[in-house]
Every structure is written in structure tokens, then in C-alpha cells.
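So this one's input_0.txt, compact mmCIF, C-alpha atoms:
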```
# COMPACT_ATOMS: atom_id res chain seq x y z
CA MET A 31 65.49 34.99 101.97
CA ASN A 32 66.06 33.62 98.46
CA GLY A 33 68.45 35.06 95.94
CA ARG A 34 65.86 37.22 94.21
CA GLY A 35 64.76 38.80 97.49
CA ALA A 36 68.32 39.60 98.51
CA LEU A 37 69.00 41.14 95.12
CA ALA A 38 65.85 43.29 95.33
CA ALA A 39 66.77 44.48 98.84
CA SER A 40 70.26 45.41 97.70
CA PHE A 41 68.84 47.34 94.75
CA VAL A 42 66.45 49.31 96.96
CA LEU A 43 69.24 50.07 99.43
CA GLY A 44 71.47 51.28 96.60
CA VAL A 45 68.71 53.54 95.24
CA LEU A 46 68.12 55.03 98.71
CA LEU A 47 71.84 55.67 99.20
CA CYS A 48 72.09 57.39 95.83
CA LEU A 49 69.10 59.57 96.64
CA GLY A 50 70.67 60.39 99.99
CA PHE A 51 73.97 61.45 98.46
CA LEU A 52 72.17 63.51 95.84
CA GLY A 53 70.15 65.25 98.52
CA LEU A 54 73.24 65.93 100.61
CA GLY A 55 75.03 67.38 97.61
CA PHE A 56 72.02 69.59 96.89
CA PHE A 57 71.95 71.03 100.39
CA VAL A 58 75.71 71.48 100.51
CA THR A 59 75.58 73.35 97.21
CA ARG A 60 72.71 75.54 98.38
CA GLY A 61 74.57 76.25 101.58
CA PHE A 62 77.74 77.32 99.71
CA VAL A 63 75.77 79.56 97.39
CA SER A 64 73.92 81.16 100.28
CA PHE A 65 77.19 81.73 102.12
CA LYS A 66 78.71 83.40 99.07
CA ALA A 67 75.57 85.48 98.64
CA MET A 68 75.84 86.67 102.23
CA ASP A 69 79.53 87.37 101.64
CA ARG A 70 78.97 89.67 98.67
CA SER A 71 80.71 92.96 99.31
CA VAL A 72 82.43 95.90 97.67
CA THR A 73 85.56 97.70 98.84
CA VAL A 74 85.89 101.39 98.04
CA LYS A 75 88.25 104.23 98.89
CA GLY A 76 87.28 107.75 99.86
CA LEU A 77 89.65 110.71 99.54
CA SER A 78 89.82 113.99 101.42
CA GLU A 79 92.29 116.76 100.61
CA ARG A 80 92.99 120.23 101.95
CA GLU A 81 95.38 123.02 101.00
CA VAL A 82 96.55 124.86 104.10
CA PRO A 83 99.20 127.50 104.86
CA ALA A 84 102.25 126.48 106.86
CA ASP A 85 102.13 127.76 110.43
CA VAL A 86 105.80 127.33 111.40
CA ALA A 87 108.99 128.39 109.61
CA ILE A 88 112.52 127.21 110.40
CA TRP A 89 114.96 129.51 108.65
CA PRO A 90 118.72 128.93 108.95
CA ILE A 91 121.03 131.81 108.03
CA ARG A 92 124.67 130.93 107.40
CA PHE A 93 127.64 133.10 106.50
CA ASN A 94 131.40 132.71 106.21
CA VAL A 95 134.23 134.81 107.62
CA THR A 96 137.88 134.32 106.64
CA GLY A 97 141.17 135.48 108.14
CA ASP A 98 144.67 134.53 109.25
CA ASP A 99 144.33 135.56 112.88
CA LEU A 100 142.11 133.25 114.91
CA VAL A 101 141.34 135.76 117.65
CA ALA A 102 140.37 138.42 115.14
CA LEU A 103 138.30 135.81 113.27
CA TYR A 104 136.17 135.04 116.32
CA ALA A 105 135.68 138.75 116.95
CA SER A 106 134.54 139.20 113.35
CA VAL A 107 132.08 136.32 113.72
CA GLU A 108 130.57 137.91 116.84
CA GLN A 109 130.21 141.26 115.10
CA SER A 110 128.55 139.62 112.10
CA ASN A 111 126.19 137.67 114.35
CA ALA A 112 125.18 140.93 116.01
CA ARG A 113 124.41 142.48 112.61
CA VAL A 114 122.25 139.51 111.62
CA ILE A 115 120.35 139.66 114.92
CA GLU A 116 119.82 143.40 114.50
CA PHE A 117 118.50 142.77 110.99
CA LEU A 118 116.08 140.11 112.24
CA ARG A 119 114.79 142.23 115.10
CA GLY A 120 114.18 145.00 112.62
CA LYS A 121 111.99 142.57 110.68
CA GLY A 122 109.83 141.89 113.71
CA PHE A 123 111.36 138.78 115.28
CA GLY A 124 111.80 138.47 119.03
CA GLU A 125 114.77 137.15 120.94
CA ALA A 126 113.00 133.84 121.65
CA GLU A 127 112.66 133.22 117.92
CA ILE A 128 116.39 133.59 117.17
CA SER A 129 119.09 131.11 118.16
CA VAL A 130 122.83 131.30 117.47
CA GLY A 131 124.95 128.23 116.92
CA ALA A 132 128.65 127.80 117.64
CA PRO A 133 130.83 128.71 114.64
CA SER A 134 132.60 126.01 112.67
CA ILE A 135 136.30 126.76 111.99
CA VAL A 136 138.33 125.25 109.14
CA ASP A 137 142.15 125.51 109.29
CA ARG A 138 143.45 125.14 105.74
CA GLU A 139 147.05 124.57 106.83
CA ALA A 140 146.01 121.83 109.23
CA GLN A 141 144.31 120.11 106.32
CA GLY A 142 147.40 120.32 104.13
CA TYR A 143 146.23 123.01 101.68
CA ALA A 144 148.98 125.13 100.15
CA ARG A 145 148.57 128.91 100.07
CA ASP A 146 150.96 129.70 97.24
CA GLN A 147 148.28 130.23 94.60
CA GLY A 148 146.82 133.58 95.58
CA PRO A 149 145.52 135.37 98.68
CA ARG A 150 143.87 132.43 100.47
CA PHE A 151 143.27 132.90 104.16
CA ARG A 152 144.24 130.22 106.62
CA TYR A 153 140.98 130.13 108.58
CA THR A 154 137.37 129.99 107.43
CA ALA A 155 134.60 130.34 110.00
CA THR A 156 131.00 129.37 109.24
CA SER A 157 128.40 130.82 111.57
CA SER A 158 124.76 129.76 111.67
CA LEU A 159 121.72 131.50 113.14
CA THR A 160 118.25 129.98 113.06
CA VAL A 161 114.85 131.64 113.13
CA TYR A 162 112.08 129.40 114.48
CA SER A 163 108.83 131.29 114.19
CA ASN A 164 105.12 130.97 113.53
CA GLN A 165 105.24 134.32 111.73
CA VAL A 166 105.56 132.64 108.35
CA ASP A 167 104.73 135.71 106.28
CA LYS A 168 107.40 137.73 108.12
CA VAL A 169 109.96 135.00 107.48
CA ARG A 170 109.20 135.02 103.77
CA ALA A 171 109.46 138.83 103.64
CA ALA A 172 112.75 138.81 105.57
CA MET A 173 114.18 136.16 103.26
CA ASN A 174 113.55 138.43 100.31
CA ALA A 175 115.33 141.28 102.13
CA LEU A 176 118.37 139.21 103.07
CA VAL A 177 120.32 140.89 100.29
CA ASP A 178 120.62 143.90 102.62
CA LEU A 179 123.02 141.87 104.78
CA GLY A 180 125.05 140.99 101.73
CA LYS A 181 125.41 144.68 101.00
CA GLN A 182 126.93 145.08 104.47
CA GLY A 183 129.74 142.69 103.55
CA LEU A 184 128.42 139.39 104.91
CA ALA A 185 129.29 136.39 102.73
CA LEU A 186 125.98 134.59 103.04
CA SER A 187 125.88 130.90 102.16
CA GLY A 188 123.30 129.55 99.77
CA GLN A 189 120.58 127.19 100.96
CA ASP A 190 121.81 123.63 100.63
CA TYR A 191 120.15 120.46 101.93
CA GLU A 192 121.38 121.01 105.49
CA ALA A 193 120.54 124.70 105.60
CA ARG A 194 117.31 125.03 103.67
CA THR A 195 114.27 126.79 105.07
CA GLN A 196 111.54 124.48 106.27
CA PHE A 197 107.86 125.32 106.38
CA LEU A 198 105.71 123.11 108.61
CA PHE A 199 102.02 122.58 109.26
CA THR A 200 101.47 121.54 112.87
CA LYS A 201 97.67 121.78 113.27
CA LEU A 202 96.73 118.44 111.74
CA ASN A 203 94.62 117.41 114.74
CA ASP A 204 92.29 120.33 114.04
CA LEU A 205 91.57 118.94 110.57
CA LYS A 206 91.40 115.21 111.29
CA PRO A 207 87.71 114.82 112.34
CA GLU A 208 86.34 116.80 109.40
CA MET A 209 88.63 115.14 106.85
CA ILE A 210 87.90 111.61 108.10
CA GLU A 211 84.17 112.33 107.89
CA GLU A 212 84.55 113.65 104.34
CA ALA A 213 86.66 110.67 103.22
CA THR A 214 84.11 108.23 104.66
CA ARG A 215 81.24 110.10 103.03
CA ASN A 216 83.01 110.04 99.66
CA ALA A 217 83.63 106.31 100.03
CA ARG A 218 79.91 105.69 100.65
CA GLU A 219 78.99 107.74 97.57
CA VAL A 220 81.27 105.58 95.44
CA ALA A 221 79.86 102.39 96.96
CA THR A 222 76.29 103.59 96.39
CA ARG A 223 76.97 104.23 92.70
CA PHE A 224 78.57 100.81 92.37
CA ALA A 225 75.61 99.11 94.03
CA LYS A 226 73.20 100.92 91.74
CA ASP A 227 75.16 99.99 88.61
CA SER A 228 75.30 96.34 89.71
CA GLU A 229 71.56 96.34 90.58
CA SER A 230 72.35 95.63 94.22
CA THR A 231 71.47 97.22 97.52
CA LEU A 232 74.19 98.70 99.68
CA GLY A 233 74.28 97.16 103.13
CA LYS A 234 76.13 97.83 106.34
CA ILE A 235 79.85 98.41 106.70
CA ARG A 236 81.74 95.15 106.93
CA SER A 237 85.14 96.68 107.70
CA ALA A 238 86.83 100.06 107.53
CA SER A 239 90.37 101.36 107.82
CA GLN A 240 91.73 104.86 107.84
CA GLY A 241 94.91 105.50 105.91
CA GLN A 242 97.73 107.64 107.23
CA PHE A 243 97.55 111.39 106.85
CA SER A 244 100.19 112.86 104.56
CA ILE A 245 101.42 116.45 104.49
CA GLU A 246 103.39 117.56 101.45
CA ASP A 247 104.37 120.77 99.71
CA ARG A 248 101.77 121.82 97.19
CA ASP A 249 104.64 122.24 94.73
CA SER A 250 108.35 123.00 94.76
CA ASN A 251 107.80 126.73 94.28
CA THR A 252 105.44 127.22 97.22
CA PRO A 253 106.72 125.11 100.14
CA TYR A 254 104.79 127.39 102.51
CA VAL A 255 101.51 125.97 101.14
CA LYS A 256 100.81 122.40 102.21
CA LYS A 257 98.56 119.70 100.83
CA VAL A 258 97.01 117.47 103.50
CA ARG A 259 95.60 114.15 102.29
CA VAL A 260 93.93 111.07 103.77
CA VAL A 261 92.33 108.00 102.19
CA SER A 262 89.75 105.83 103.97
CA THR A 263 89.09 102.26 102.83
CA VAL A 264 85.60 100.90 103.55
CA GLU A 265 84.07 97.52 102.72
CA TYR A 266 80.24 97.33 102.43
CA TYR A 267 77.93 94.35 102.22
CA LEU A 268 75.83 94.01 99.05
CA SER A 269 72.46 92.36 98.66
CA ASP A 270 70.03 91.85 95.78
```

This entry written out as C-alpha cells:
Amino acid sequence: MNGRGALAASFVLGVLLCLGFLGLGFFVTRGFVSFKAMDRSVTVKGLSEREVPADVAIWPIRFNVTGDDLVALYASVEQSNARVIEFLRGKGFGEAEISVGAPSIVDREAQGYARDQGPRFRYTATSSLTVYSNQVDKVRAAMNALVDLGKQGLALSGQDYEARTQFLFTKLNDLKPEMIEEATRNAREVATRFAKDSESTLGKIRSASQGQFSIEDRDSNTPYVKKVRVVSTVEYYLSD
């Protein structure tokens, strides 16, 4: 082959290679675009909330008794415990709903406190009784009537962090199926509106996850009313 023929063959081969690379790039680009088109999706969240009454109350009752004679102090604690139990039974609580804890005794002299600044007793006993009941309304009514015990001479302690009344909701499993269904339905409604606004068609679910259920007080003034909440996250395919 002469020089002109070799040059022509090289030119043709170069043109064919260029066309081949261009074609390959075209198909690769089309493939990437198609893949992205198939991958189009929207992620939405659906919320479900309920307000429910608490079904369990845990009510601690604490009072203090002071004195200088330890034996007499324990006797006084027992008498006061009996008065509290009588009060609670009068409010409709059974024996199984009332528990009595061991008293806590503080010896001021053992702790190095001086008693030369007024009539301070050596011993202070703190007794604690707890009502655990599903009669939440009765607990609330009895709490309002607790002043009657104060009128009988019991030095009742205020509700601090360790002795505050707790109201619980324990029937979450009864609500779960309905709330999950509602959260999923709300998520689909949001996704449908999004698809319509973006001139797309909502496809099948690509992935879904259910958030944790949360139970909180509705507000600080009504801890016996609970707000139950769950959020579902759903990802849907979109198509033109």
C-alpha cells in the first residue's frame, strides 16, 4: 500500500473510532438519565395524634413526725400511717392499692446540729405511703381532700421531684394499629398533593419507616391528660 492509501485508511479508522465514542457517550448518557428518571421519588411524613386520659395514677403521700424519744416517734409514725390509710379507704381505695414504706429517721445530734436555738427536736421521721391505682378520678378527688389530714395534725410534705404524683397511659397497644394507619394515610395525601403540583404521577412505596410513639402530658396543668403522637416516613416513586 502506498503512502496515500495508508493515510486514507488511517483517516477512515479515526472517523469510525470517533463515531463509536460518540455513540457510546450517547447511550451512556441516555442510560444515566433513564436511571435517574426511574429513581425519582418523594419522601413525606404523616402525623397521627390522640388526646387520651391517663389510666393509672401513682400518688405518694409523705409526712414528717418529730420527737426526742425514738420509741415514741415510731409509735407516732404508726398511728399517723393508720390515719392516712383510713382516709384513703374512705375515699374508695382498697388495700391492694395502698403500700406503706419504711420510715426514714434523721438524728440531728448524730449529724452535729446544735439545739440551742429554740425547741428543735432531735429526731425527724419521714413516712411515705403510695397509692397505685387505675381509679384516676378518685385519686384526683382524694388529692384535693388531702387538707383534711393536715387538719388532723399531720405535717404533710409538698410534692417534690421524688414524691410527685405520676399519671400514666398504659393502653398504647390498643391505639397503635389505628394511629399507624392514619399516619400512613396522611403521608399519602401529602405525597399525592406534591405529585399533582409537580405534574407527576404518584407510584408505589419505595420505603417506609414508622417513628417511635411518644406519650407526653398535654400541658403542665393537666398531667392526667396525655398526648399520644407518632410520625410515619414514607418514600414514593414518581413518574411523569

Exercise. Write out as a PyMOL selection string each polymer residue whose atoms come within 7 Å of Asp98 in chain A, counting only C-alpha atoms; drop sequence neighbours fewer than 4 positions from it.
Key: chain A and resi 151-153

Exercise. Can you pull out every residue within 7 Å of Val260 in chain A, counting all atoms listed in the file, but drop anything in the same chain fewer than 4 positions away, and send it as a PyMOL selection string?
Key: chain A and resi 77-79+241-244

Self-check item: Test item: residues at most 6 Å from range 82-90 of chain A, all atoms listed in the file, excluding those fewer than 4 positions along its chain, as a count of residues only
Solution: 16

List as CSV every residue of range 139-232 of chain A that is in contact with range 103-117 of chain A, defined as an atom at most 9 Å from one of its atoms (using only C-alpha atoms), together with the nearest atom pair and the distance in Å rounded to one decimal, sorted by chain and then rising number.
```
residue,atom,partner,partner_atom,distance
A:Tyr153,CA,A:Leu103,CA,7.8
A:Thr154,CA,A:Leu103,CA,8.3
A:Ala155,CA,A:Leu103,CA,7.4
A:Thr156,CA,A:Val107,CA,8.3
A:Ser157,CA,A:Val107,CA,7.0
A:Ser158,CA,A:Asn111,CA,8.5
A:Leu159,CA,A:Asn111,CA,7.7
A:Ala172,CA,A:Phe117,CA,8.8
A:Leu176,CA,A:Phe117,CA,8.7
A:Asp178,CA,A:Phe117,CA,8.7
A:Leu179,CA,A:Val114,CA,7.3
A:Gln182,CA,A:Arg113,CA,8.9
A:Leu184,CA,A:Ser110,CA,7.2
```

Quiz item: In Å to one decimal, how far is CA of Ser129 in chain A from CA of Asn94 in chain A?
Solution: 17.2 Å

Axis-aligned box for range 120-135 of chain A, 3 Å per side, centre and edges in Å as AutoDock Vina command-line options:
```
--center_x 123.1 --center_y 135.5 --center_z 116.2 --size_x 32.5 --size_y 25.0 --size_z 17.0
```

Exercise. In Å, rounded to a single decimal, give me how far CA of Ser239 in chain A is from CA of Ala217 in chain A.
Key: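 A separation of 11.4 Å between them.
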
Quiz item: What is the CA of Arg119 in chain A to CA of Asp167 in chain A distance in Å?
Solution: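 Here the two named atoms are 14.9 Å from each other.
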
Quiz prompt | Among the residues A:Arg248, A:Ala221, A:Met173, A:Thr231, the one that comes closest to Val264 in chain A [using all atoms listed in the file] | solution =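 Closest residue, counting all atoms listed in the file: A:Ala221.
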
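Taking all atoms listed in the file into account, Asp137 in chain A lies nearest to A:Arg150 out of the set A:Arg170, A:Arg150, A:Lys181, A:Lys206.
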
Quiz item: Which protein, DNA or RNA residues have an atom at most 10 Å from (75.6, 98.3, 106.0), counting all atoms listed in the file? List them as a list in words.
Solution: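 Taken together, the residues in range are Ser71, Thr231, Leu232, Gly233, Lys234, Ile235, Arg236, Ser237, Glu265, Tyr266, Tyr267, Leu268 and Ser269 of chain A.
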
Would you mind exporting the chosen residues as a PDB file, keeping the file's coordinate frame, restricted to C-alpha atoms?
```
ATOM      1  CA  SER A  71      80.710  92.960  99.310  1.00  0.00           C
ATOM      2  CA  THR A 231      71.470  97.220  97.520  1.00  0.00           C
ATOM      3  CA  LEU A 232      74.190  98.700  99.680  1.00  0.00           C
ATOM      4  CA  GLY A 233      74.280  97.160 103.130  1.00  0.00           C
ATOM      5  CA  LYS A 234      76.130  97.830 106.340  1.00  0.00           C
ATOM      6  CA  ILE A 235      79.850  98.410 106.700  1.00  0.00           C
ATOM      7  CA  ARG A 236      81.740  95.150 106.930  1.00  0.00           C
ATOM      8  CA  SER A 237      85.140  96.680 107.700  1.00  0.00           C
ATOM      9  CA  GLU A 265      84.070  97.520 102.720  1.00  0.00           C
ATOM     10  CA  TYR A 266      80.240  97.330 102.430  1.00  0.00           C
ATOM     11  CA  TYR A 267      77.930  94.350 102.220  1.00  0.00           C
ATOM     12  CA  LEU A 268      75.830  94.010  99.050  1.00  0.00           C
ATOM     13  CA  SER A 269      72.460  92.360  98.660  1.00  0.00           C
TER      14      SER A 269
END
```

Quiz item: With all atoms listed in the file as the basis for distance, which of A:Val261, A:Val101, A:Ile135, A:Ala171 is at the shortest distance from Met209 in chain A?
Solution: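 Checking each candidate against Met209 in chain A, we get A:Val261 as the closest.
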